[in-house]
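Raw target-v7.txt, compact mmCIF, C-alpha atoms:
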# COMPACT_ATOMS: atom_id res chain seq x y z
CA MET Z 1 2.21 161.95 50.75
CA VAL Z 2 0.31 163.93 53.38
CA ARG Z 3 -0.32 161.90 56.54
CA LYS Z 4 -3.03 162.76 59.05
CA ARG Z 5 -3.72 161.47 62.51
CA THR Z 6 -6.17 162.49 65.19
CA LEU Z 7 -5.18 162.84 68.82
CA PHE Z 8 -6.98 164.09 71.89
CA VAL Z 9 -4.79 166.57 73.79
CA CYS Z 10 -5.21 167.78 77.36
CA ASN Z 11 -5.50 171.55 77.78
CA GLU Z 12 -3.89 171.35 81.22
CA CYS Z 13 -0.81 169.15 80.89
CA GLY Z 14 -0.46 168.77 77.11
CA GLY Z 15 -0.63 164.99 77.31
CA ASP Z 16 -2.31 163.15 74.45
CA ALA Z 17 -4.40 160.04 73.98
CA ALA Z 18 -5.66 158.05 71.02
CA GLY Z 19 -9.31 158.40 72.07
CA TRP Z 20 -11.45 160.87 73.93
CA SER Z 21 -11.92 160.54 77.66
CA GLY Z 22 -13.74 162.65 80.21
CA LYS Z 23 -10.67 162.47 82.44
CA CYS Z 24 -7.10 163.07 81.29
CA PRO Z 25 -5.10 159.83 81.72
CA HIS Z 26 -1.95 161.84 82.47
CA CYS Z 27 -2.89 164.56 84.98
CA GLY Z 28 -6.37 163.42 86.02
CA ALA Z 29 -8.11 166.69 85.09
CA TRP Z 30 -11.74 166.45 83.99
CA ASN Z 31 -13.18 167.74 80.68
CA THR Z 32 -9.85 169.01 79.36
CA MET Z 33 -9.37 166.69 76.35
CA VAL Z 34 -9.76 168.40 72.96
CA GLU Z 35 -9.49 166.87 69.50
CA GLU Z 36 -6.47 167.82 67.39
CA VAL Z 37 -5.82 166.75 63.79
CA ILE Z 38 -2.09 166.58 63.11
CA VAL Z 39 -0.90 166.76 59.52
CA LYS Z 40 2.61 165.68 58.57
CA LEU Z 41 3.72 167.26 55.31
CA PRO Z 42 6.11 165.49 52.89
CA GLY Z 43 9.67 166.66 52.55
CA LYS Z 44 9.98 167.88 56.14
CA PRO Z 45 13.53 167.18 57.38
CA SER Z 46 13.72 164.76 60.26
CA SER Z 47 16.00 165.04 63.27
CA ARG Z 48 16.48 161.27 63.34
CA GLY Z 49 20.09 160.24 62.89
CA LEU Z 50 21.54 163.40 64.45
CA LEU Z 51 23.87 162.28 67.19
CA SER Z 52 24.41 164.10 70.47
CA LEU Z 53 27.56 162.67 71.98
CA PRO Z 54 27.76 162.24 75.76
CA VAL Z 55 30.34 164.35 77.58
CA PRO Z 56 31.85 163.64 81.03
CA LEU Z 57 30.54 166.07 83.63
CA THR Z 58 34.06 167.13 84.64
CA GLU Z 59 34.94 168.17 81.06
CA ILE Z 60 32.06 170.63 80.67
CA PRO Z 61 33.45 174.20 80.92
CA GLU Z 62 32.00 176.62 83.43
CA VAL Z 63 29.75 179.30 81.95
CA SER Z 64 28.92 182.26 84.17
CA GLY Z 65 26.18 183.70 81.98
CA GLU Z 66 25.96 187.30 80.84
CA ARG Z 67 23.15 189.47 82.19
CA LEU Z 68 21.42 192.09 80.06
CA ILE Z 69 20.48 195.00 82.31
CA THR Z 70 17.22 196.52 81.09
CA SER Z 71 17.36 199.59 83.37
CA ILE Z 72 13.76 198.79 84.34
CA GLU Z 73 14.63 198.30 88.00
CA GLU Z 74 11.55 196.32 89.02
CA LEU Z 75 11.88 193.92 86.08
CA ASP Z 76 15.61 193.40 86.58
CA ARG Z 77 15.09 192.50 90.22
CA VAL Z 78 12.32 189.98 89.50
CA LEU Z 79 14.51 188.31 86.86
CA GLY Z 80 17.41 187.97 89.30
CA GLY Z 81 19.54 191.00 88.41
CA GLY Z 82 18.79 191.37 84.71
CA VAL Z 83 17.86 189.19 81.76
CA LEU Z 84 20.19 186.23 81.30
CA LYS Z 85 21.50 186.18 77.74
CA GLY Z 86 20.12 183.19 75.84
CA SER Z 87 17.20 182.63 78.21
CA VAL Z 88 13.59 182.05 77.14
CA ASN Z 89 11.06 183.88 79.30
CA LEU Z 90 7.27 183.44 79.34
CA VAL Z 91 5.30 186.56 80.33
CA GLY Z 92 1.67 185.98 81.30
CA GLY Z 93 -1.18 188.27 82.21
CA GLU Z 94 -4.79 189.09 81.50
CA PRO Z 95 -5.65 190.93 78.27
CA GLY Z 96 -5.19 194.69 78.69
CA ILE Z 97 -3.05 194.41 81.83
CA GLY Z 98 -0.06 196.06 80.13
CA LYS Z 99 2.06 193.17 78.83
CA SER Z 100 2.60 194.73 75.40
CA THR Z 101 3.52 198.09 76.91
CA LEU Z 102 6.03 196.48 79.26
CA MET Z 103 7.56 194.43 76.43
CA LEU Z 104 7.86 197.53 74.23
CA GLN Z 105 9.60 199.40 77.05
CA LEU Z 106 11.88 196.41 77.57
CA SER Z 107 12.70 196.29 73.84
CA SER Z 108 13.49 199.99 73.81
CA GLU Z 109 15.82 199.79 76.81
CA LEU Z 110 17.71 196.80 75.41
CA ALA Z 111 18.00 198.51 72.01
CA ARG Z 112 19.34 201.62 73.74
CA LYS Z 113 22.12 199.43 75.14
CA GLY Z 114 23.10 198.09 71.73
CA GLU Z 115 20.92 194.97 71.38
CA LYS Z 116 18.96 194.40 68.19
CA VAL Z 117 15.36 193.41 68.97
CA LEU Z 118 12.81 191.70 66.73
CA TYR Z 119 9.29 192.49 67.99
CA ALA Z 120 6.92 189.98 66.36
CA THR Z 121 3.34 191.12 66.81
CA GLY Z 122 0.39 189.02 65.74
CA GLU Z 123 -2.33 191.06 67.44
CA GLU Z 124 -1.51 194.62 66.34
CA SER Z 125 -0.38 196.36 63.19
CA PRO Z 126 3.05 198.06 62.98
CA GLU Z 127 1.27 201.42 63.08
CA GLN Z 128 -0.41 200.56 66.38
CA VAL Z 129 2.88 199.43 67.92
CA ALA Z 130 4.64 202.58 66.70
CA GLN Z 131 1.87 204.76 68.11
CA ARG Z 132 2.29 203.17 71.54
CA ALA Z 133 6.07 203.55 71.31
CA ARG Z 134 5.70 207.28 70.66
CA ARG Z 135 3.29 207.63 73.57
CA ILE Z 136 5.69 206.01 76.04
CA ASN Z 137 8.84 207.52 74.47
CA SER Z 138 10.23 204.16 73.35
CA LEU Z 139 11.19 204.78 69.71
CA GLN Z 140 14.48 203.07 68.82
CA ASP Z 141 16.09 202.22 65.48
CA ASN Z 142 17.28 198.85 66.79
CA VAL Z 143 13.70 197.66 67.45
CA ILE Z 144 12.37 195.94 64.32
CA ILE Z 145 8.61 195.40 64.12
CA LEU Z 146 7.35 192.31 62.31
CA ALA Z 147 3.60 191.87 61.90
CA ALA Z 148 3.32 188.12 61.25
CA THR Z 149 1.56 185.06 62.61
CA ASP Z 150 3.35 182.38 60.57
CA LEU Z 151 6.05 180.65 62.61
CA ASP Z 152 8.41 180.11 59.67
CA THR Z 153 8.21 183.80 58.75
CA VAL Z 154 9.11 184.82 62.29
CA LEU Z 155 12.02 182.36 62.56
CA ASN Z 156 13.41 183.23 59.12
CA ASN Z 157 13.36 186.95 59.92
CA LEU Z 158 14.92 186.30 63.31
CA VAL Z 159 17.89 184.54 61.72
CA SER Z 160 18.29 186.82 58.68
CA SER Z 161 18.00 190.08 60.65
CA GLU Z 162 20.75 188.98 63.09
CA CYS Z 163 18.69 190.12 66.06
CA SER Z 164 19.89 189.09 69.52
CA VAL Z 165 16.48 189.44 71.25
CA ILE Z 166 13.00 188.43 70.13
CA VAL Z 167 9.64 189.37 71.64
CA VAL Z 168 6.62 187.31 70.52
CA ASP Z 169 3.31 189.04 71.25
CA SER Z 170 1.54 186.72 71.62
CA ILE Z 171 2.16 182.98 71.35
CA GLN Z 172 -1.60 182.37 70.93
CA THR Z 173 -1.50 184.07 67.51
CA LEU Z 174 1.38 182.04 66.06
CA TYR Z 175 0.71 179.01 63.89
CA SER Z 176 2.79 176.46 62.03
CA ALA Z 177 1.84 175.07 58.62
CA ASP Z 178 3.01 171.66 59.85
CA LEU Z 179 -0.18 171.38 61.90
CA SER Z 180 -3.75 171.69 60.66
CA SER Z 181 -5.18 172.95 63.96
CA ALA Z 182 -6.09 176.59 64.51
CA PRO Z 183 -3.77 179.18 66.12
CA GLY Z 184 -4.08 179.11 69.89
CA SER Z 185 -4.85 175.39 70.05
CA VAL Z 186 -2.89 173.17 72.40
CA SER Z 187 -0.78 171.54 69.70
CA GLN Z 188 -0.02 174.84 67.92
CA VAL Z 189 1.02 176.65 71.09
CA ARG Z 190 3.21 173.75 72.20
CA HIS Z 191 4.82 173.26 68.78
CA CYS Z 192 5.49 176.96 68.13
CA THR Z 193 7.02 177.43 71.56
CA SER Z 194 9.24 174.37 71.14
CA GLU Z 195 10.51 175.62 67.78
CA LEU Z 196 11.22 179.10 69.17
CA ILE Z 197 13.15 177.58 72.07
CA ARG Z 198 15.13 175.33 69.72
CA VAL Z 199 16.29 178.26 67.55
CA CYS Z 200 17.02 180.55 70.50
CA LYS Z 201 19.02 177.94 72.41
CA THR Z 202 20.98 176.96 69.28
CA LYS Z 203 21.98 180.56 68.50
CA CYS Z 204 22.06 181.89 72.10
CA LEU Z 205 19.24 184.37 71.51
CA THR Z 206 17.14 185.89 74.27
CA ALA Z 207 13.37 185.49 73.96
CA PHE Z 208 10.28 186.90 75.64
CA ILE Z 209 7.07 185.06 74.83
CA VAL Z 210 3.81 186.75 75.79
CA GLY Z 211 0.91 184.51 76.80
CA HIS Z 212 -2.64 185.28 77.86
CA VAL Z 213 -4.09 184.12 81.16
CA THR Z 214 -7.41 182.28 81.38
CA LYS Z 215 -10.28 183.08 83.75
CA THR Z 216 -8.87 180.61 86.25
CA GLY Z 217 -5.60 182.56 86.41
CA SER Z 218 -3.43 180.03 84.57
CA LEU Z 219 -1.54 180.58 81.34
CA ALA Z 220 -3.57 179.67 78.26
CA GLY Z 221 -2.19 176.56 76.60
CA PRO Z 222 -0.76 173.34 77.97
CA LYS Z 223 1.02 173.36 81.31
CA VAL Z 224 4.03 171.85 79.58
CA LEU Z 225 4.98 175.33 78.31
CA GLU Z 226 5.97 176.34 81.82
CA HIS Z 227 8.39 173.40 81.93
CA LEU Z 228 9.99 174.28 78.59
CA VAL Z 229 10.93 177.91 79.33
CA ASP Z 230 13.56 179.24 81.73
CA SER Z 231 11.29 181.64 83.60
CA VAL Z 232 7.58 182.29 83.97
CA ILE Z 233 6.58 185.84 84.91
CA TYR Z 234 3.08 187.01 85.75
CA PHE Z 235 1.93 190.62 85.29
CA GLU Z 236 -1.04 191.19 87.57
CA GLY Z 237 -3.38 193.92 88.75
CA GLU Z 238 -6.96 195.12 88.71
CA GLY Z 239 -8.06 197.22 85.77
CA ASP Z 240 -9.20 200.13 87.94
CA ARG Z 241 -6.16 200.11 90.24
CA LEU Z 242 -3.11 202.32 89.98
CA TYR Z 243 -0.48 199.62 90.52
CA ARG Z 244 0.61 196.51 88.63
CA LEU Z 245 2.55 193.65 90.22
CA LEU Z 246 5.23 191.55 88.53
CA ARG Z 247 6.22 188.21 90.05
CA ALA Z 248 8.14 185.15 88.94
CA ALA Z 249 6.42 181.79 89.31
CA LYS Z 250 9.54 180.06 87.96
CA ASN Z 251 13.11 181.27 87.50
CA ARG Z 252 15.99 178.92 86.69
CA PHE Z 253 18.54 181.70 87.13
CA GLY Z 254 17.29 183.56 90.18
CA SER Z 255 14.91 183.76 93.11
CA THR Z 256 11.14 183.60 92.85
CA ASN Z 257 10.69 185.62 96.05
CA GLU Z 258 11.01 189.06 94.44
CA LEU Z 259 8.06 191.29 93.61
CA GLY Z 260 8.08 194.17 91.14
CA VAL Z 261 5.68 197.09 91.53
CA PHE Z 262 4.74 199.31 88.58
Encoded form (structure tokens):
Amino acid sequence: MVRKRTLFVCNECGGDAAGWSGKCPHCGAWNTMVEEVIVKLPGKPSSRGLLSLPVPLTEIPEVSGERLITSIEELDRVLGGGVLKGSVNLVGGEPGIGKSTLMLQLSSELARKGEKVLYATGEESPEQVAQRARRINSLQDNVIILAATDLDTVLNNLVSSECSVIVVDSIQTLYSADLSSAPGSVSQVRHCTSELIRVCKTKCLTAFIVGHVTKTGSLAGPKVLEHLVDSVIYFEGEGDRLYRLLRAAKNRFGSTNELGVF
């Protein structure tokens, strides 16, 4: 039996409420509540009953964490000396700033070092991605292009292809059939990101999630996304300027005081 319920979700913090309000009851922002219809499909496995046993702090083994050096010096420095294996990184920037180009260069460099990369594009066709790769000399056999917007398709290909790195370009184009709202809505962005993080953390896969920036300069989607990921990186610059700046607004594995110049 299909079950539906309507919630009002805040665009800023991702908090929800049973009824509409001009002011978010969670973060206090005005005019940010949007209506979302959530559909729960039958037969969906539930996580209830799965036990996570507590472990004494002293019995947890030390893990140093392996760094993947991309050979893109500016990017490696901003990330704290390379990409930490198994980390989930959110890359934000205005449309046309160069996020896709940077991610394609990153994919090529990691593939050159032996990593297998799944590049999931929801905004461009495989031919467009390949054309850009030829232009910037980033063609690699270990970079697999998947043109898909369905979350299950992306996750199934990620597991079956045995890729160690995934690039999602962009999170606003992904949607899950579990929700009836449109791609790019608050609930879709939050749900898709959570599912990507769950799979990547379970299998120790490295992820780069591309997100667009709104006119106010914040990442599109609920603010809760920035709390879910390990690092938040902004790619900035004026369209008519020669340089682009890369900075980390959050980094669980390194400093946020570094600045990359491209």
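Nearest to Z:Leu245 of all the residues Z:Ile171, Z:Asn156, Z:Arg198, Z:Glu74 is Z:Glu74, based on all atoms listed in the file.
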*Excluding stretch 87-102 of chain Z and any residue of its chain fewer than 3 positions from it, enumerate the residues within 6 Å of it, using only C-alpha atoms, and give them as a PyMOL selection string.*
chain Z and resi 84+105+206-213+229-235
Resulting file, chosen residues, C-alpha atoms, as an mmCIF file, in the frame of the given file:
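What ended up in selection.cif:
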data_model
loop_
_atom_site.group_PDB
_atom_site.id
_atom_site.type_symbol
_atom_site.label_atom_id
_atom_site.label_comp_id
_atom_site.auth_asym_id
_atom_site.auth_seq_id
_atom_site.Cartn_x
_atom_site.Cartn_y
_atom_site.Cartn_z
ATOM 1 C CA LEU Z 84 20.190 186.230 81.300
ATOM 2 C CA GLN Z 105 9.600 199.400 77.050
ATOM 3 C CA THR Z 206 17.140 185.890 74.270
ATOM 4 C CA ALA Z 207 13.370 185.490 73.960
ATOM 5 C CA PHE Z 208 10.280 186.900 75.640
ATOM 6 C CA ILE Z 209 7.070 185.060 74.830
ATOM 7 C CA VAL Z 210 3.810 186.750 75.790
ATOM 8 C CA GLY Z 211 0.910 184.510 76.800
ATOM 9 C CA HIS Z 212 -2.640 185.280 77.860
ATOM 10 C CA VAL Z 213 -4.090 184.120 81.160
ATOM 11 C CA VAL Z 229 10.930 177.910 79.330
ATOM 12 C CA ASP Z 230 13.560 179.240 81.730
ATOM 13 C CA SER Z 231 11.290 181.640 83.600
ATOM 14 C CA VAL Z 232 7.580 182.290 83.970
ATOM 15 C CA ILE Z 233 6.580 185.840 84.910
ATOM 16 C CA TYR Z 234 3.080 187.010 85.750
ATOM 17 C CA PHE Z 235 1.930 190.620 85.290
#
*Using only C-alpha atoms, pick whichever of Z:Val83, Z:Ile60, Z:Val186, Z:Ala29 has the shortest atom-to-atom distance to Z:Asn251.*
Z:Val83
*Can you pull out every residue within 7 Å of Z:Glu36, counting all atoms listed in the file, but drop anything in the same chain fewer than 6 positions away, and send it as an MDAnalysis selection string?*
chainID Z and resid 6:9 181
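The smallest atom-to-atom distance between Z:Glu162 and any of Z:Glu115, Z:Asp16, Z:Glu35, Z:Glu258, using all atoms listed in the file, is found for Z:Glu115.
Between atom CA of Z:His191 and atom CA of Z:Tyr175 the interatomic distance comes to 8.6 Å.
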Exercise on stretch 141-151 of chain Z, axis-aligned box with 8 Å per side, report centre and edge lengths in Å to one decimal, as lines of an AutoDock Vina configuration file:
center_x = 9.4
center_y = 191.4
center_z = 64.0
size_x = 31.7
size_y = 37.6
size_z = 22.9
*Any idea what's packed within 8 Å of stretch 131-136 of chain Z, counting all atoms listed in the file, ignoring anything in its chain fewer than 2 positions away? Could you give it as a PyMOL selection string?*
chain Z and resi 101+104-105+127-129+138-139
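As for atom CA of Z:Ile72 and atom CA of Z:Leu106, they are spaced 7.4 Å apart.
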_Spatial neighbours of Z:Glu123, 10 Å, only C-alpha atoms, chain gap at least 4 places, as a list in words_ = Gln128, Val129, Ala147, Ala148, Thr149, Asp169, Ser170, Gln172, Thr173 and Leu174 of chain Z
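The space between atom CA of Z:Gly122 and atom CA of Z:Gly184 spans 11.6 Å.
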_Minimum-distance residue to Z:Lys201, chosen among Z:Ile145, Z:Leu179, Z:Val167, Z:Lys85 (using only C-alpha atoms)_ = Z:Lys85
Residue neighbourhood Z:Pro25, 12 Å, all atoms listed in the file, exclusion window fewer than 2 positions, as a JSON list (two decimals) with C-alpha atoms, keeping the file's coordinate frame:
[["chain", "number", "residue", "atom", "x", "y", "z"],
["Z", 8, "PHE", "CA", -6.98, 164.09, 71.89],
["Z", 9, "VAL", "CA", -4.79, 166.57, 73.79],
["Z", 10, "CYS", "CA", -5.21, 167.78, 77.36],
["Z", 12, "GLU", "CA", -3.89, 171.35, 81.22],
["Z", 13, "CYS", "CA", -0.81, 169.15, 80.89],
["Z", 14, "GLY", "CA", -0.46, 168.77, 77.11],
["Z", 15, "GLY", "CA", -0.63, 164.99, 77.31],
["Z", 16, "ASP", "CA", -2.31, 163.15, 74.45],
["Z", 17, "ALA", "CA", -4.40, 160.04, 73.98],
["Z", 18, "ALA", "CA", -5.66, 158.05, 71.02],
["Z", 19, "GLY", "CA", -9.31, 158.40, 72.07],
["Z", 20, "TRP", "CA", -11.45, 160.87, 73.93],
["Z", 21, "SER", "CA", -11.92, 160.54, 77.66],
["Z", 22, "GLY", "CA", -13.74, 162.65, 80.21],
["Z", 23, "LYS", "CA", -10.67, 162.47, 82.44],
["Z", 27, "CYS", "CA", -2.89, 164.56, 84.98],
["Z", 28, "GLY", "CA", -6.37, 163.42, 86.02],
["Z", 29, "ALA", "CA", -8.11, 166.69, 85.09],
["Z", 30, "TRP", "CA", -11.74, 166.45, 83.99],
["Z", 31, "ASN", "CA", -13.18, 167.74, 80.68],
["Z", 32, "THR", "CA", -9.85, 169.01, 79.36],
["Z", 33, "MET", "CA", -9.37, 166.69, 76.35]]
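Proximity of Z:Val189, Z:Val78, Z:Cys163, Z:Val117 to Z:Leu151, computed with only C-alpha atoms, is greatest for Z:Val189.
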*Go through Z:Thr153, Z:Gln188, Z:Ser164, Z:Thr202 and flag the residue nearest Z:Leu118, using all atoms listed in the file for the distances.*
Z:Ser164
